[in-house]
Amino acid sequence: MVPGDYLGVIEEFLSGGGTYIDDGTIYSSTTGHLLMDSHKRKISVYQKPKSPLLPKEGALVIGKITSIRNKNLNVKIFQIRDKPLFNTFNGIMHITDVSKSYVKTMLDAFHIGDIIRAKVISTKNREFHLSTQEHGLGVIHSKCSFCGHKIILSQKRLKCPQCNKTKWRKMSSGYGKEDFIKLP
Ligand SMILES: [Zn+2]
């Protein structure tokens, strides 16, 4: 995207950062990548930072679970707070950092493909160790492992509306309501 690029019309989209409105039409005001928030129908243009963002200790990150074993899992971190990353990072989480209550196996708390919000608790040896112990942290988006349908929150339980099965996850308090940004 470069300044002046056509992005859409205000009847369809909200104009976000890096955009401007002229006569009902939304244009890019900067050079960067187009971001579409399909939840809020908001478009923005995100400027690539001069120095690459790096997950720091204490930062909240969003990532996708790429592999799970009994006692640990791997997460592809693609967002730091509300900033999407152009280079993703591999995060790891140990079972003792999942929840304040006892978790027997990772498979009781997460599934491959889940999108989670987690806190970086250590960056030792450039390994990003994550935790979802705090109330607001955990899965924010997931799909049914049987049918692929989006799992919804219904009466405080996670449920696949297609299979009608209840699912258990270490859920974030913002499950289903929270937005995450996908780079095109
Ligand atoms: Zn299902």
# chains A, B, ... in the order shown; residues from 1 in each chain; ligands from 1
$ residues_near_ligand --ligand "ligand 1" --cutoff "7 Å" --atoms "only C-alpha atoms and all ligand atoms" --output "PDB file with all heavy atoms, in the first residue's frame"
ATOM      1  N   CYS A 144     -13.411 -27.049  15.928  1.00  0.00           N
ATOM      2  CA  CYS A 144     -13.710 -28.425  16.328  1.00  0.00           C
ATOM      3  C   CYS A 144     -12.747 -29.386  15.633  1.00  0.00           C
ATOM      4  O   CYS A 144     -12.539 -29.303  14.427  1.00  0.00           O
ATOM      5  CB  CYS A 144     -15.142 -28.745  15.946  1.00  0.00           C
ATOM      6  SG  CYS A 144     -15.589 -30.451  16.241  1.00  0.00           S
ATOM      7  N   SER A 145     -12.156 -30.306  16.413  1.00  0.00           N
ATOM      8  CA  SER A 145     -11.198 -31.231  15.813  1.00  0.00           C
ATOM      9  C   SER A 145     -11.890 -32.320  14.992  1.00  0.00           C
ATOM     10  O   SER A 145     -11.246 -33.019  14.221  1.00  0.00           O
ATOM     11  CB  SER A 145     -10.324 -31.855  16.895  1.00  0.00           C
ATOM     12  OG  SER A 145     -11.125 -32.311  17.958  1.00  0.00           O
ATOM     13  N   PHE A 146     -13.201 -32.471  15.151  1.00  0.00           N
ATOM     14  CA  PHE A 146     -13.931 -33.475  14.360  1.00  0.00           C
ATOM     15  C   PHE A 146     -14.434 -32.908  13.032  1.00  0.00           C
ATOM     16  O   PHE A 146     -14.232 -33.480  11.979  1.00  0.00           O
ATOM     17  CB  PHE A 146     -15.117 -34.032  15.153  1.00  0.00           C
ATOM     18  CG  PHE A 146     -14.698 -34.770  16.379  1.00  0.00           C
ATOM     19  CD1 PHE A 146     -14.827 -34.187  17.629  1.00  0.00           C
ATOM     20  CD2 PHE A 146     -14.159 -36.049  16.290  1.00  0.00           C
ATOM     21  CE1 PHE A 146     -14.426 -34.860  18.776  1.00  0.00           C
ATOM     22  CE2 PHE A 146     -13.760 -36.732  17.419  1.00  0.00           C
ATOM     23  CZ  PHE A 146     -13.892 -36.138  18.668  1.00  0.00           C
ATOM     24  N   CYS A 147     -15.100 -31.758  13.113  1.00  0.00           N
ATOM     25  CA  CYS A 147     -15.761 -31.263  11.900  1.00  0.00           C
ATOM     26  C   CYS A 147     -15.183 -29.942  11.385  1.00  0.00           C
ATOM     27  O   CYS A 147     -15.530 -29.503  10.290  1.00  0.00           O
ATOM     28  CB  CYS A 147     -17.264 -31.110  12.149  1.00  0.00           C
ATOM     29  SG  CYS A 147     -17.668 -29.756  13.248  1.00  0.00           S
ATOM     30  N   GLY A 148     -14.319 -29.307  12.153  1.00  0.00           N
ATOM     31  CA  GLY A 148     -13.705 -28.064  11.678  1.00  0.00           C
ATOM     32  C   GLY A 148     -14.543 -26.825  11.890  1.00  0.00           C
ATOM     33  O   GLY A 148     -14.122 -25.723  11.538  1.00  0.00           O
ATOM     34  N   HIS A 149     -15.726 -26.972  12.465  1.00  0.00           N
ATOM     35  CA  HIS A 149     -16.576 -25.814  12.718  1.00  0.00           C
ATOM     36  C   HIS A 149     -15.994 -24.964  13.842  1.00  0.00           C
ATOM     37  O   HIS A 149     -15.347 -25.476  14.740  1.00  0.00           O
ATOM     38  CB  HIS A 149     -17.979 -26.287  13.100  1.00  0.00           C
ATOM     39  CG  HIS A 149     -19.045 -25.247  12.930  1.00  0.00           C
ATOM     40  ND1 HIS A 149     -19.202 -24.208  13.810  1.00  0.00           N
ATOM     41  CD2 HIS A 149     -19.980 -25.085  11.969  1.00  0.00           C
ATOM     42  CE1 HIS A 149     -20.213 -23.456  13.396  1.00  0.00           C
ATOM     43  NE2 HIS A 149     -20.693 -23.956  12.283  1.00  0.00           N
ATOM     44  N   CYS A 160     -19.211 -27.185  20.086  1.00  0.00           N
ATOM     45  CA  CYS A 160     -19.263 -27.184  18.624  1.00  0.00           C
ATOM     46  C   CYS A 160     -20.733 -27.220  18.231  1.00  0.00           C
ATOM     47  O   CYS A 160     -21.439 -28.181  18.558  1.00  0.00           O
ATOM     48  CB  CYS A 160     -18.544 -28.392  18.045  1.00  0.00           C
ATOM     49  SG  CYS A 160     -18.829 -28.541  16.279  1.00  0.00           S
ATOM     50  N   PRO A 161     -21.228 -26.173  17.544  1.00  0.00           N
ATOM     51  CA  PRO A 161     -22.650 -26.147  17.201  1.00  0.00           C
ATOM     52  C   PRO A 161     -23.036 -27.227  16.189  1.00  0.00           C
ATOM     53  O   PRO A 161     -24.213 -27.572  16.066  1.00  0.00           O
ATOM     54  CB  PRO A 161     -22.853 -24.746  16.619  1.00  0.00           C
ATOM     55  CG  PRO A 161     -21.512 -24.245  16.277  1.00  0.00           C
ATOM     56  CD  PRO A 161     -20.507 -24.997  17.085  1.00  0.00           C
ATOM     57  N   GLN A 162     -22.032 -27.773  15.508  1.00  0.00           N
ATOM     58  CA  GLN A 162     -22.291 -28.796  14.493  1.00  0.00           C
ATOM     59  C   GLN A 162     -22.422 -30.184  15.143  1.00  0.00           C
ATOM     60  O   GLN A 162     -23.396 -30.885  14.928  1.00  0.00           O
ATOM     61  CB  GLN A 162     -21.125 -28.806  13.507  1.00  0.00           C
ATOM     62  CG  GLN A 162     -21.412 -29.529  12.226  1.00  0.00           C
ATOM     63  CD  GLN A 162     -21.997 -28.613  11.176  1.00  0.00           C
ATOM     64  OE1 GLN A 162     -22.248 -27.438  11.413  1.00  0.00           O
ATOM     65  NE2 GLN A 162     -22.230 -29.162  10.007  1.00  0.00           N
ATOM     66  N   CYS A 163     -21.438 -30.562  15.941  1.00  0.00           N
ATOM     67  CA  CYS A 163     -21.433 -31.887  16.591  1.00  0.00           C
ATOM     68  C   CYS A 163     -22.207 -31.865  17.906  1.00  0.00           C
ATOM     69  O   CYS A 163     -22.488 -32.915  18.459  1.00  0.00           O
ATOM     70  CB  CYS A 163     -20.026 -32.351  16.922  1.00  0.00           C
ATOM     71  SG  CYS A 163     -18.845 -32.202  15.617  1.00  0.00           S
ATOM     72  N   ASN A 164     -22.452 -30.642  18.416  1.00  0.00           N
ATOM     73  CA  ASN A 164     -23.149 -30.481  19.683  1.00  0.00           C
ATOM     74  C   ASN A 164     -22.366 -31.038  20.865  1.00  0.00           C
ATOM     75  O   ASN A 164     -22.946 -31.402  21.886  1.00  0.00           O
ATOM     76  CB  ASN A 164     -24.528 -31.136  19.608  1.00  0.00           C
ATOM     77  CG  ASN A 164     -25.579 -30.221  20.200  1.00  0.00           C
ATOM     78  OD1 ASN A 164     -25.311 -29.051  20.483  1.00  0.00           O
ATOM     79  ND2 ASN A 164     -26.775 -30.739  20.396  1.00  0.00           N
ATOM     80  N   LYS A 165     -21.045 -31.134  20.697  1.00  0.00           N
ATOM     81  CA  LYS A 165     -20.213 -31.673  21.778  1.00  0.00           C
ATOM     82  C   LYS A 165     -19.603 -30.529  22.570  1.00  0.00           C
ATOM     83  O   LYS A 165     -19.199 -29.523  22.011  1.00  0.00           O
ATOM     84  CB  LYS A 165     -19.095 -32.532  21.195  1.00  0.00           C
ATOM     85  CG  LYS A 165     -19.563 -33.919  20.837  1.00  0.00           C
ATOM     86  CD  LYS A 165     -18.345 -34.812  20.590  1.00  0.00           C
ATOM     87  CE  LYS A 165     -18.741 -36.169  20.061  1.00  0.00           C
ATOM     88  NZ  LYS A 165     -18.465 -36.367  18.650  1.00  0.00           N
TER      89      LYS A 165
END
$ select_by_dssp --residues "chain A" --states "strand (DSSP E)" --output "VMD selection string"
chain A and resid 6 to 9 14 to 15 19 to 22 25 to 28 33 to 37 42 to 46 60 to 68 72 to 80 83 to 94 115 to 122 128 to 131 138 to 141 152 to 154 157 to 159 166 to 167
$ closest_residue --among "A:His135, A:Lys104, A:His129, A:Lys167" --to "Lys150 in chain A" --atoms "only C-alpha atoms"
A:Lys167
$ residues_around --residues "range 6-9 of chain A" --least-positions-apart "2" --cutoff "12 Å" --atoms "only C-alpha atoms" --output "MDAnalysis selection string"
chainID A and resid 1:4 11:16 18:30 33:36 41:45
$ closest_residue --among "A:Ile115, A:Ile121, A:Leu130, A:Phe110" --to "Tyr175 in chain A" --atoms "only C-alpha atoms"
A:Ile115
$ atom_distance --atom1 "CA of Asn90 in chain A" --atom2 "CA of Ser131 in chain A"
13.7 Å
$ residues_around --residues "Ile92 in chain A" --least-positions-apart "4" --cutoff "10 Å" --atoms "only C-alpha atoms" --output "number ranges by chain"
A: 65, 67-68, 72-77, 120, 127-131
$ closest_residue --among "A:Thr31, A:Thr66, A:Gln79, A:Ser99" --to "Gly138 in chain A" --atoms "only C-alpha atoms"
A:Ser99
$ closest_residue --among "A:Thr105, A:Asp82, A:Pro55, A:Asn87" --to "Ser122 in chain A" --atoms "only C-alpha atoms"
A:Pro55
$ closest_residue --among "A:Thr96, A:Val139, A:Asp179, A:Lys71" --to "Lys40 in chain A" --atoms "only C-alpha atoms"
A:Asp179
$ atom_distance --atom1 "CA of Thr123 in chain A" --atom2 "CA of Gly58 in chain A"
9.7 Å
$ atom_distance --atom1 "CA of Glu57 in chain A" --atom2 "CA of Ala109 in chain A"
23.3 Å
